[in-house]
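File shown: start-v9.tsv (TSV, C-alpha atoms).
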```tsv
chain	number	residue	atom	x	y	z
A	11	MET	CA	125.64	29.37	-215.86
A	12	LYS	CA	129.13	27.93	-216.24
A	13	SER	CA	128.90	28.13	-220.03
A	14	CYS	CA	127.77	31.73	-219.68
A	15	CYS	CA	130.89	32.56	-217.67
A	16	ILE	CA	133.13	30.80	-220.19
A	17	PHE	CA	131.51	32.80	-222.97
A	18	PHE	CA	132.18	36.05	-221.13
A	19	VAL	CA	135.79	35.11	-220.49
A	20	GLY	CA	136.28	34.46	-224.20
A	21	LEU	CA	134.60	37.73	-224.98
A	22	LEU	CA	136.93	39.58	-222.63
A	23	LEU	CA	139.98	38.15	-224.31
A	24	SER	CA	138.74	39.13	-227.74
A	25	ILE	CA	137.74	42.75	-227.19
A	26	SER	CA	140.18	45.63	-227.28
A	27	ALA	CA	141.25	47.81	-224.38
A	28	ASN	CA	139.30	50.65	-225.95
A	29	CYS	CA	136.10	48.66	-225.83
A	30	GLN	CA	136.69	47.79	-222.18
A	31	LYS	CA	136.46	51.47	-221.28
A	32	GLN	CA	132.78	51.48	-222.26
A	33	GLU	CA	131.63	49.52	-219.23
A	34	PHE	CA	128.59	51.75	-218.74
A	35	LYS	CA	126.71	54.25	-220.86
A	36	VAL	CA	128.72	57.46	-221.15
A	37	TYR	CA	126.82	60.72	-221.59
A	38	PRO	CA	127.89	63.64	-223.84
A	39	ASN	CA	129.68	65.21	-220.86
A	40	GLY	CA	132.07	62.22	-220.87
A	41	LEU	CA	130.74	60.88	-217.56
A	42	ILE	CA	128.51	57.98	-216.56
A	43	TYR	CA	126.05	60.50	-215.09
A	44	SER	CA	124.21	63.00	-217.28
A	45	GLU	CA	124.74	66.75	-217.15
A	46	SER	CA	121.39	67.07	-215.38
A	47	ALA	CA	122.35	64.51	-212.75
A	48	MET	CA	125.75	66.13	-212.18
A	49	SER	CA	124.07	69.51	-211.79
A	50	LYS	CA	121.76	68.13	-209.10
A	51	LEU	CA	124.66	66.43	-207.34
A	52	GLY	CA	126.67	69.63	-207.51
A	53	LEU	CA	123.93	71.50	-205.64
A	54	ILE	CA	124.07	68.88	-202.89
A	55	VAL	CA	127.87	69.06	-202.67
A	56	ASP	CA	127.67	72.83	-202.28
A	57	SER	CA	125.36	72.39	-199.30
A	58	LEU	CA	127.51	69.59	-197.89
A	59	ASN	CA	130.57	71.80	-197.94
A	60	LEU	CA	128.60	74.14	-195.72
A	61	LYS	CA	127.59	71.18	-193.56
A	62	TYR	CA	131.22	70.12	-193.23
A	63	ARG	CA	132.00	73.38	-191.49
A	64	ALA	CA	129.39	72.35	-188.93
A	65	CYS	CA	130.86	68.87	-188.51
A	66	ASN	CA	133.43	68.01	-185.88
A	67	LEU	CA	136.53	69.65	-187.30
A	68	ASN	CA	138.74	68.17	-184.61
A	69	PRO	CA	137.76	64.50	-184.48
A	70	ILE	CA	139.86	62.11	-182.44
A	71	TYR	CA	140.61	58.66	-183.81
A	72	HIS	CA	142.92	55.93	-182.61
A	73	SER	CA	144.95	53.46	-184.62
A	74	ILE	CA	144.28	49.74	-184.78
A	75	TYR	CA	145.96	47.96	-181.85
A	76	GLN	CA	149.41	46.77	-182.90
A	77	THR	CA	152.71	45.49	-181.56
A	78	ILE	CA	156.03	44.02	-182.66
A	79	GLY	CA	156.28	40.28	-182.06
A	80	HIS	CA	157.77	36.99	-183.20
A	81	ILE	CA	156.29	33.99	-185.01
A	82	ILE	CA	157.39	30.41	-184.41
A	83	ARG	CA	156.65	27.12	-186.11
A	84	VAL	CA	157.47	24.08	-183.99
A	85	ASP	CA	159.31	21.08	-185.38
A	86	LYS	CA	157.03	18.06	-185.78
A	87	ALA	CA	158.97	15.99	-183.23
A	88	ASP	CA	158.56	18.66	-180.53
A	89	ILE	CA	154.87	19.46	-180.91
A	90	LYS	CA	153.52	17.41	-177.97
A	91	ASP	CA	155.85	18.88	-175.35
A	92	ALA	CA	155.97	22.35	-176.86
A	93	LYS	CA	152.21	22.64	-176.78
A	94	LYS	CA	152.22	22.07	-173.02
A	95	ASP	CA	154.99	24.61	-172.52
A	96	LEU	CA	153.21	27.26	-174.60
A	97	LYS	CA	150.02	26.67	-172.64
A	98	ASN	CA	151.98	27.22	-169.43
A	99	GLN	CA	153.54	30.41	-170.89
A	100	ILE	CA	157.15	29.30	-170.88
A	101	SER	CA	159.61	32.19	-171.21
A	102	TRP	CA	160.91	33.11	-174.68
A	103	GLU	CA	164.50	32.33	-173.75
A	104	ASP	CA	163.71	28.95	-172.19
A	105	PHE	CA	161.58	27.96	-175.18
A	106	LEU	CA	164.37	28.65	-177.65
A	107	LYS	CA	166.85	26.68	-175.55
A	108	LYS	CA	164.50	23.71	-175.20
A	109	TYR	CA	163.40	23.63	-178.85
A	110	PRO	CA	166.36	24.73	-181.01
A	111	ASN	CA	164.81	23.31	-184.20
A	112	THR	CA	161.91	25.75	-184.07
A	113	LYS	CA	161.57	27.98	-187.14
A	114	LEU	CA	161.62	31.66	-186.24
A	115	LYS	CA	160.39	34.85	-187.85
A	116	LYS	CA	161.42	37.70	-185.60
A	117	GLU	CA	160.18	41.26	-185.30
A	118	VAL	CA	156.99	41.37	-187.32
A	119	LEU	CA	154.15	43.86	-187.05
A	120	ILE	CA	151.09	42.18	-185.51
A	121	ILE	CA	147.62	43.69	-185.69
A	122	ARG	CA	144.70	42.99	-183.36
A	123	ASN	CA	141.19	43.36	-184.75
A	124	LYS	CA	137.70	42.70	-183.43
A	125	TYR	CA	134.92	41.91	-185.89
A	126	THR	CA	131.70	39.93	-186.29
A	127	ASN	CA	132.04	36.77	-188.38
A	128	TYR	CA	129.53	35.09	-190.70
A	129	ASP	CA	128.02	33.22	-187.74
A	130	ASN	CA	127.33	36.58	-186.07
A	131	GLU	CA	129.97	35.87	-183.43
A	132	GLU	CA	132.37	38.53	-182.17
A	133	VAL	CA	135.87	37.41	-183.04
A	134	ILE	CA	139.31	38.66	-182.07
A	135	GLU	CA	141.91	38.30	-184.82
A	136	PHE	CA	145.66	38.55	-184.38
A	137	SER	CA	147.37	38.84	-187.74
A	138	GLU	CA	150.85	39.35	-189.10
A	139	MET	CA	151.20	42.36	-191.37
A	140	GLN	CA	152.54	40.63	-194.47
A	141	LEU	CA	154.96	42.88	-196.33
A	142	LYS	CA	155.41	40.67	-199.37
A	143	SER	CA	153.04	38.53	-201.43
A	144	GLY	CA	150.98	35.85	-199.73
A	145	ASP	CA	148.98	35.72	-196.53
A	146	GLY	CA	150.45	36.39	-193.12
A	147	PHE	CA	150.10	34.19	-190.04
A	148	THR	CA	146.74	34.64	-188.28
A	149	ILE	CA	145.09	33.39	-185.10
A	150	THR	CA	141.43	34.02	-184.30
A	151	SER	CA	139.65	33.63	-180.99
A	152	THR	CA	136.08	33.99	-179.73
A	153	ASP	CA	137.37	34.59	-176.19
A	154	LEU	CA	136.71	38.32	-175.78
A	155	LYS	CA	138.50	38.31	-172.42
A	156	VAL	CA	141.76	38.44	-174.36
A	157	LEU	CA	141.03	42.14	-174.97
A	158	ASP	CA	141.50	42.84	-171.28
A	159	LYS	CA	144.77	40.92	-170.98
A	160	ASP	CA	148.21	42.46	-171.00
A	161	MET	CA	149.80	40.40	-173.75
A	162	ALA	CA	153.36	41.47	-172.90
A	163	GLN	CA	155.69	38.43	-172.76
A	164	GLN	CA	152.78	36.15	-173.61
A	165	TRP	CA	152.29	33.34	-176.12
A	166	LEU	CA	149.28	32.81	-178.36
A	167	TYR	CA	149.38	29.52	-180.23
A	168	ARG	CA	147.47	27.67	-182.92
A	169	TYR	CA	147.43	23.87	-182.91
A	170	SER	CA	146.07	21.73	-185.75
A	171	GLU	CA	145.55	18.02	-185.48
A	172	LYS	CA	146.64	15.64	-188.21
A	173	THR	CA	144.01	14.98	-190.87
A	174	ASP	CA	143.81	13.09	-194.15
A	175	TYR	CA	144.85	16.31	-195.87
A	176	SER	CA	147.43	17.89	-193.54
A	177	GLU	CA	150.05	17.09	-190.94
A	178	GLU	CA	149.85	17.98	-187.27
A	179	SER	CA	151.20	21.49	-186.69
A	180	LEU	CA	151.89	24.01	-183.95
A	181	SER	CA	152.59	27.70	-184.58
A	182	ALA	CA	152.47	30.70	-182.28
A	183	PHE	CA	152.89	34.41	-181.75
A	184	TYR	CA	155.13	35.70	-178.98
A	185	PHE	CA	154.55	39.27	-177.84
A	186	PRO	CA	157.56	40.90	-176.11
A	187	LYS	CA	155.40	43.99	-175.46
A	188	GLY	CA	151.67	44.58	-175.24
A	189	PHE	CA	149.43	46.03	-177.93
A	190	VAL	CA	149.11	49.79	-178.26
A	191	SER	CA	146.68	52.10	-180.02
A	192	LEU	CA	147.99	55.55	-180.93
A	193	VAL	CA	146.09	58.77	-181.52
A	194	ILE	CA	145.86	59.56	-185.24
A	195	PRO	CA	147.52	62.99	-185.79
A	196	PRO	CA	144.89	65.75	-186.29
A	197	LYS	CA	145.79	66.49	-189.93
A	198	TYR	CA	145.00	62.86	-190.83
A	199	ALA	CA	142.02	62.57	-188.47
A	200	LYS	CA	140.42	65.46	-190.35
A	201	MET	CA	140.55	63.39	-193.54
A	202	ILE	CA	138.68	60.56	-191.82
A	203	GLY	CA	136.20	63.10	-190.47
A	204	TYR	CA	135.75	64.62	-193.93
A	205	ALA	CA	134.99	61.18	-195.37
A	206	ASP	CA	132.41	60.54	-192.65
A	207	CYS	CA	130.90	63.97	-193.25
A	208	LEU	CA	130.42	63.24	-196.95
A	209	ILE	CA	129.48	59.58	-196.54
A	210	ASP	CA	126.52	59.67	-194.17
A	211	THR	CA	127.30	56.83	-191.74
A	212	ASN	CA	123.64	56.70	-190.64
A	213	VAL	CA	122.53	55.46	-194.06
A	214	THR	CA	123.40	52.26	-195.93
A	215	LYS	CA	123.14	51.63	-199.65
A	216	PHE	CA	120.97	48.57	-199.13
A	217	LYS	CA	118.16	48.24	-196.65
A	218	LYS	CA	118.52	45.73	-193.83
A	219	ASP	CA	115.84	43.42	-195.22
A	220	ALA	CA	117.19	43.46	-198.80
A	221	LYS	CA	116.57	40.24	-200.73
A	222	ALA	CA	118.53	38.65	-203.56
A	223	GLY	CA	117.24	39.41	-207.04
A	224	TYR	CA	117.41	42.08	-209.73
A	225	VAL	CA	115.34	45.15	-210.62
A	226	ASP	CA	115.50	46.54	-214.14
A	227	LEU	CA	115.86	50.24	-214.88
A	228	PRO	CA	113.19	51.09	-217.50
A	229	GLU	CA	114.38	52.76	-220.68
A	230	ASN	CA	112.04	55.67	-220.01
A	231	TRP	CA	113.08	56.06	-216.38
A	232	THR	CA	114.02	59.74	-216.84
A	233	GLN	CA	110.40	60.49	-217.75
A	234	LEU	CA	109.04	58.96	-214.55
A	235	SER	CA	107.59	61.23	-211.89
A	236	ASP	CA	109.72	62.02	-208.84
A	237	LYS	CA	107.45	59.81	-206.77
A	238	LYS	CA	107.93	56.83	-209.11
A	239	LYS	CA	111.70	57.39	-209.24
A	240	ALA	CA	111.81	57.35	-205.45
A	241	LYS	CA	109.75	54.16	-205.39
A	242	LEU	CA	112.02	52.51	-207.95
A	243	LEU	CA	115.09	53.53	-205.94
A	244	ASP	CA	113.54	51.99	-202.84
A	245	GLU	CA	112.97	48.73	-204.76
A	246	MET	CA	116.59	48.69	-205.90
A	247	ARG	CA	117.87	49.36	-202.39
A	248	SER	CA	115.74	46.44	-201.24
A	249	THR	CA	117.41	44.13	-203.76
A	250	LYS	CA	120.94	42.71	-203.56
A	251	VAL	CA	122.47	41.46	-206.79
A	252	VAL	CA	125.09	38.70	-206.60
A	253	GLY	CA	127.35	38.14	-209.60
A	254	SER	CA	127.24	34.64	-211.06
A	255	CYS	CA	130.90	34.78	-212.11
A	256	SER	CA	133.80	37.15	-212.71
A	257	MET	CA	132.39	38.53	-215.94
A	258	ASP	CA	128.86	39.07	-214.65
A	259	GLY	CA	128.51	42.86	-214.61
A	260	SER	CA	125.01	42.91	-213.10
A	261	PRO	CA	126.11	43.91	-209.55
A	262	ARG	CA	128.02	46.92	-210.89
A	263	GLN	CA	125.20	47.88	-213.27
A	264	HIS	CA	122.78	47.64	-210.35
A	265	ALA	CA	124.98	50.07	-208.38
A	266	VAL	CA	125.08	52.50	-211.34
A	267	ASN	CA	121.29	52.34	-211.57
A	268	ILE	CA	121.03	53.13	-207.85
A	269	ALA	CA	123.46	56.01	-208.29
A	270	LEU	CA	121.50	57.40	-211.24
A	271	LEU	CA	118.20	57.31	-209.38
A	272	SER	CA	119.83	58.73	-206.24
A	273	ALA	CA	121.14	61.68	-208.21
A	274	GLU	CA	117.73	62.31	-209.76
A	275	THR	CA	116.04	62.20	-206.35
A	276	TYR	CA	118.73	64.27	-204.56
A	277	ASP	CA	119.65	61.32	-202.31
A	278	TRP	CA	123.35	62.07	-201.81
A	279	SER	CA	123.97	59.51	-199.05
A	280	VAL	CA	122.89	56.60	-201.21
A	281	PHE	CA	124.51	58.04	-204.34
A	282	LEU	CA	127.98	58.34	-202.84
A	283	LYS	CA	127.89	54.87	-201.32
A	284	ALA	CA	126.81	53.39	-204.66
A	285	HIS	CA	129.53	55.25	-206.54
A	286	LEU	CA	132.21	54.30	-204.01
A	287	ASP	CA	131.13	50.68	-204.31
A	288	ILE	CA	131.74	50.96	-208.06
A	289	LEU	CA	135.11	52.61	-207.50
A	290	ASN	CA	136.11	50.01	-204.87
A	291	ASP	CA	134.44	47.14	-206.79
A	292	ARG	CA	132.68	46.12	-203.59
A	293	PHE	CA	130.24	43.48	-204.77
A	294	ASP	CA	129.31	39.90	-203.97
A	295	ARG	CA	130.22	37.33	-206.62
A	296	VAL	CA	130.18	33.55	-206.73
A	297	SER	CA	133.72	33.72	-208.08
A	298	ASP	CA	136.07	36.48	-209.15
A	299	GLY	CA	139.13	35.89	-211.32
A	300	SER	CA	141.84	38.50	-211.77
A	301	TYR	CA	141.44	38.29	-215.55
A	302	ALA	CA	138.20	40.27	-215.20
A	303	TRP	CA	139.48	43.11	-213.03
A	304	SER	CA	140.92	45.31	-215.77
A	305	ALA	CA	137.52	45.77	-217.42
A	306	ARG	CA	136.08	47.36	-214.28
A	307	ASN	CA	136.95	51.03	-214.22
A	308	THR	CA	137.00	53.27	-211.15
A	309	TYR	CA	135.28	56.49	-212.35
A	310	ILE	CA	137.20	58.91	-210.14
A	311	LYS	CA	136.57	61.63	-212.71
A	312	GLU	CA	132.91	61.81	-211.71
A	313	LEU	CA	133.93	62.65	-208.12
A	314	GLU	CA	136.47	65.23	-209.24
A	315	GLU	CA	133.90	66.97	-211.43
A	316	LEU	CA	131.71	67.43	-208.35
A	317	ASN	CA	134.30	69.71	-206.76
A	318	LEU	CA	134.93	67.38	-203.83
A	319	ASP	CA	138.19	67.18	-201.93
A	320	VAL	CA	138.86	63.81	-203.54
A	321	ALA	CA	142.25	63.40	-201.87
A	322	SER	CA	140.79	63.79	-198.38
A	323	LEU	CA	137.85	61.56	-199.25
A	324	LEU	CA	139.90	58.67	-200.64
A	325	PHE	CA	142.69	59.03	-198.08
A	326	GLY	CA	140.04	59.21	-195.36
A	327	ILE	CA	138.65	55.79	-196.31
A	328	THR	CA	142.18	54.34	-196.55
A	329	TYR	CA	143.13	54.83	-192.89
A	330	ARG	CA	142.20	52.06	-190.47
A	331	THR	CA	141.08	53.08	-186.98
A	332	GLU	CA	140.02	51.33	-183.81
A	333	ASP	CA	137.08	53.64	-183.18
A	334	ALA	CA	135.66	54.30	-186.64
A	335	ALA	CA	132.03	55.35	-186.81
A	336	ALA	CA	129.45	52.64	-187.36
A	337	ASN	CA	129.08	52.08	-191.13
A	338	HIS	CA	132.33	53.96	-191.80
A	339	TYR	CA	133.35	53.24	-195.39
A	340	PHE	CA	136.70	51.42	-195.62
A	341	GLY	CA	138.26	51.56	-199.07
A	342	ASN	CA	140.06	48.87	-201.06
A	343	ILE	CA	143.78	49.73	-201.30
A	344	ARG	CA	144.22	48.17	-204.74
A	345	ARG	CA	141.20	49.88	-206.27
A	346	ILE	CA	141.88	53.27	-204.69
A	347	GLY	CA	145.45	53.09	-206.00
A	348	ARG	CA	144.15	52.46	-209.49
A	349	ALA	CA	141.63	55.29	-209.18
A	350	LEU	CA	144.31	57.75	-208.08
A	351	SER	CA	146.38	56.90	-211.15
A	352	GLU	CA	143.55	58.39	-213.23
A	353	THR	CA	143.36	61.66	-211.29
A	354	LYS	CA	143.98	65.10	-212.73
A	355	ASN	CA	145.79	66.07	-209.52
A	356	ARG	CA	148.64	63.57	-209.75
A	357	ALA	CA	151.42	65.68	-208.22
A	358	GLU	CA	149.33	66.72	-205.21
A	359	LEU	CA	148.25	63.16	-204.46
A	360	GLU	CA	151.75	61.74	-204.84
A	361	GLN	CA	153.09	64.34	-202.44
A	362	GLY	CA	150.33	63.50	-199.98
A	363	MET	CA	150.97	59.74	-200.06
A	364	VAL	CA	154.72	60.17	-199.63
A	365	ALA	CA	154.23	62.55	-196.70
A	366	ILE	CA	151.85	60.17	-194.93
A	367	MET	CA	153.96	57.04	-195.32
A	368	SER	CA	157.07	58.96	-194.17
A	369	ASP	CA	155.52	60.52	-191.06
A	370	PRO	CA	156.91	58.96	-187.83
A	371	GLU	CA	154.04	60.50	-185.84
A	372	LEU	CA	151.56	58.20	-187.59
A	373	ASP	CA	151.29	54.57	-186.48
A	374	VAL	CA	153.27	52.06	-188.53
A	375	TYR	CA	150.23	50.10	-189.72
A	376	ASN	CA	148.61	53.11	-191.39
A	377	ARG	CA	151.94	54.19	-192.84
A	378	LEU	CA	152.26	50.78	-194.44
A	379	LEU	CA	148.75	51.03	-195.86
A	380	PHE	CA	149.79	54.20	-197.68
A	381	TYR	CA	153.01	52.53	-198.80
A	382	PHE	CA	150.93	49.82	-200.46
A	383	LEU	CA	148.53	52.47	-201.78
A	384	PHE	CA	151.44	54.23	-203.49
A	385	LEU	CA	152.72	50.93	-204.90
A	386	ASN	CA	149.31	50.14	-206.38
A	387	TYR	CA	148.97	53.68	-207.69
A	388	ASN	CA	152.38	53.55	-209.37
A	389	ASN	CA	151.61	50.17	-210.89
A	390	TYR	CA	148.86	51.81	-212.97
A	391	VAL	CA	150.85	54.91	-213.96
A	392	SER	CA	151.37	54.67	-217.73
A	393	ASP	CA	154.21	57.19	-218.07
A	394	GLU	CA	157.45	55.23	-217.54
A	395	THR	CA	159.41	58.34	-216.61
A	396	ILE	CA	156.95	59.24	-213.86
A	397	LYS	CA	156.87	55.62	-212.72
A	398	LYS	CA	160.65	55.52	-212.29
A	399	GLU	CA	160.62	58.85	-210.44
A	400	ASN	CA	158.00	57.44	-208.09
A	401	GLU	CA	160.11	54.36	-207.43
A	402	LEU	CA	162.84	56.66	-206.14
A	403	LYS	CA	160.31	58.42	-203.91
A	404	ILE	CA	159.14	55.08	-202.53
A	405	ASN	CA	162.71	53.98	-201.83
A	406	GLU	CA	163.37	57.19	-199.90
A	407	ALA	CA	160.14	56.78	-197.93
A	408	VAL	CA	161.05	53.20	-197.01
A	409	LYS	CA	164.17	54.51	-195.24
A	410	THR	CA	161.94	56.38	-192.79
A	411	PHE	CA	160.26	53.21	-191.52
A	412	PRO	CA	161.53	51.41	-188.40
A	413	SER	CA	164.44	49.12	-189.26
A	414	TYR	CA	162.45	45.91	-188.73
A	415	ILE	CA	160.07	47.13	-191.50
A	416	SER	CA	162.47	48.85	-193.88
A	417	ALA	CA	164.83	45.86	-193.96
A	418	ARG	CA	162.06	43.58	-195.22
A	419	LEU	CA	160.72	46.14	-197.69
A	420	LYS	CA	164.18	46.43	-199.24
A	421	ASP	CA	164.58	42.66	-199.66
```

Can you dump the structure from the file as structure tokens?
Amino acid sequence: MKSCCIFFVGLLLSISANCQKQEFKVYPNGLIYSESAMSKLGLIVDSLNLKYRACNLNPIYHSIYQTIGHIIRVDKADIKDAKKDLKNQISWEDFLKKYPNTKLKKEVLIIRNKYTNYDNEEVIEFSEMQLKSGDGFTITSTDLKVLDKDMAQQWLYRYSEKTDYSEESLSAFYFPKGFVSLVIPPKYAKMIGYADCLIDTNVTKFKKDAKAGYVDLPENWTQLSDKKKAKLLDEMRSTKVVGSCSMDGSPRQHAVNIALLSAETYDWSVFLKAHLDILNDRFDRVSDGSYAWSARNTYIKELEELNLDVASLLFGITYRTEDAAANHYFGNIRRIGRALSETKNRAELEQGMVAIMSDPELDVYNRLLFYFLFLNYNNYVSDETIKKENELKINEAVKTFPSYISARLKD
């Protein structure tokens, strides 16, 4: 398997950019779905647009819990005593006086998230919103009681014992104020609602009992009866494909096959999830190197040709909310940014991103997500003139952020 991956890496380096665009079969209409499939999908979209008018047009969503706090890293010589003081919730002022050698990072945005980990445990994660490259400071806890605590003027620390590979360490968050969750303004909440209306949250791409493997799509699959196509789709949804390495395209091809069969069988819910997985490159792989990313295209054109409100759809899966619907589809900022750079509605989308990141009525965390979305989008813009114009727009938008954010973004 390793030699296979090495072969693919060498192949990637040797082929031209033009060849990389042919990731999947492209039909005469210039899309990865045939004219017949697009026609069937178009009929569904027409009915869904009617359905949207019956959806909740005034949904209410709340932002992820967030606050402004400080991060400390205790000097090695002070760890023993400082740990006791943090446990006893020493005041911020007294701590700084007692431990002057402590390293400080003041006024950072801290996010609180609840999720289920790989061991099926509910976990609370407190994480620094990192504004530059690298990972931010994070503390996780399985103590769900922390959700009911007022964290104002409280410490939350992480202690690591000395090992053969690392030194003893003590780091902590200090929260001057408690966490808050703000109502998402209606004009943005409607985008989230639109995404949930299009992406049926009651259906998943794979079935719960899906097993690892692979199911081939027969060459004559278009000649199969509707009943056999539906059966084949069911088999594919019951099979999860895991990539053996970065250059293994089988998970993405499997998603395209699911999308093709979904279109032929009028199964919109499964189709859109499969296509969004391709756009977001949401697949399991044993390893994934950045050298392989450029060969995986986003295929936003297929969505635009279906007469969807692509801006609302992709923006809707960019926001992060505390009370998202079960199975809500959360997009990948990097991949969505790349997809938007290929849109035919560039000016409209740029205006939308700038407006969102500059809006003081929206919570800071979501504004920052759109800041990074715009950065990723602009990174893939090929026209240097447009790219420079966008840099000016970004710089102006940064000025609208709170000073503790804008100062770091300008560094």

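Atom pair atom CA of Leu271 of chain A / atom CA of Glu352 of chain A: separated by 25.7 Å.
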
Practice task
Anything within 8 Å of (124.4, 66.4, -192.4): list those residues as a ChimeraX atom specification, counting only C-alpha atoms and sticking to the file's coordinates.
Solution key: /A:58,61-62,65,207,210

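With atom CA of Ser179 of chain A on one side and atom CA of Thr77 of chain A on the other, the separation reads 24.6 Å.
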
Exercise for the section: Could you tell me which of A:Arg344, A:Arg262, A:His285, A:Lys311 comes closest to Phe382 of chain A if we count all atoms listed in the file? Expected result: A:Arg344

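Taking all atoms listed in the file into account, Phe34 of chain A lies nearest to A:Ala265 out of the set A:Leu372, A:Ala273, A:Leu378, A:Ala265.
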
Problem - Polymer residues at most 12 Å from Asp236 of chain A, all atoms listed in the file, same-chain spacing of 2 or more positions, as a ChimeraX atom specification - result: /A:231-234,238-243,271-277

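Taking atom CA of Asp56 of chain A as the reference point, atom CA of Ser279 of chain A is found at 14.2 Å.
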
Exercise for the section: Tell me which protein, DNA and RNA residues are within 10 Å of Leu141 of chain A, counting all atoms listed in the file, leaving out same-chain ones fewer than 5 positions away, and put them as a ChimeraX atom specification. Expected result: /A:118-119,146,378,382,415-416,418-419

So which residues are close to (155.8, 22.1, -180.8), meaning at most 10 Å away in the file's coordinates with all atoms listed in the file counted, and can you show them as a PDB file with C-alpha atoms, keeping the file's coordinate frame?
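Below is the file selection-v3.pdb, written as the result:
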```pdb
ATOM      1  CA  ILE A  82     157.390  30.410-184.410  1.00  0.00           C
ATOM      2  CA  ARG A  83     156.650  27.120-186.110  1.00  0.00           C
ATOM      3  CA  VAL A  84     157.470  24.080-183.990  1.00  0.00           C
ATOM      4  CA  ASP A  85     159.310  21.080-185.380  1.00  0.00           C
ATOM      5  CA  LYS A  86     157.030  18.060-185.780  1.00  0.00           C
ATOM      6  CA  ALA A  87     158.970  15.990-183.230  1.00  0.00           C
ATOM      7  CA  ASP A  88     158.560  18.660-180.530  1.00  0.00           C
ATOM      8  CA  ILE A  89     154.870  19.460-180.910  1.00  0.00           C
ATOM      9  CA  LYS A  90     153.520  17.410-177.970  1.00  0.00           C
ATOM     10  CA  ASP A  91     155.850  18.880-175.350  1.00  0.00           C
ATOM     11  CA  ALA A  92     155.970  22.350-176.860  1.00  0.00           C
ATOM     12  CA  LYS A  93     152.210  22.640-176.780  1.00  0.00           C
ATOM     13  CA  LYS A  94     152.220  22.070-173.020  1.00  0.00           C
ATOM     14  CA  ASP A  95     154.990  24.610-172.520  1.00  0.00           C
ATOM     15  CA  LEU A  96     153.210  27.260-174.600  1.00  0.00           C
ATOM     16  CA  PHE A 105     161.580  27.960-175.180  1.00  0.00           C
ATOM     17  CA  TYR A 109     163.400  23.630-178.850  1.00  0.00           C
ATOM     18  CA  ASN A 111     164.810  23.310-184.200  1.00  0.00           C
ATOM     19  CA  THR A 112     161.910  25.750-184.070  1.00  0.00           C
ATOM     20  CA  TYR A 167     149.380  29.520-180.230  1.00  0.00           C
ATOM     21  CA  TYR A 169     147.430  23.870-182.910  1.00  0.00           C
ATOM     22  CA  GLU A 178     149.850  17.980-187.270  1.00  0.00           C
ATOM     23  CA  SER A 179     151.200  21.490-186.690  1.00  0.00           C
ATOM     24  CA  LEU A 180     151.890  24.010-183.950  1.00  0.00           C
ATOM     25  CA  SER A 181     152.590  27.700-184.580  1.00  0.00           C
ATOM     26  CA  ALA A 182     152.470  30.700-182.280  1.00  0.00           C
TER      27      ALA A 182
END
```

Exercise for the section: Determine the nearest neighbour of Glu138 of chain A from the options A:Gly79, A:Gly223, A:Gly362, A:Gly52, counting all atoms listed in the file. Expected result: A:Gly79

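Distance check against Ile74 of chain A using all atoms listed in the file: of A:Asp160, A:Asp129, A:Glu135, A:Glu394, the minimum falls on A:Glu135.
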
Assuming 3 Å of padding per side, give the centre and edge lengths of the axis-aligned box around every listed atom of segment 370-377 of chain A, in Å to one decimal and as lines of an AutoDock Vina configuration file.
```
center_x = 152.8
center_y = 55.3
center_z = -189.3
size_x = 14.3
size_y = 16.4
size_z = 13.0
```

Fill in the blank from the handout: Of A:Ile149, A:Ala269, A:Ala162, A:Met363, the one sitting nearest Pro186 of chain A when using only C-alpha atoms is A:Ala162
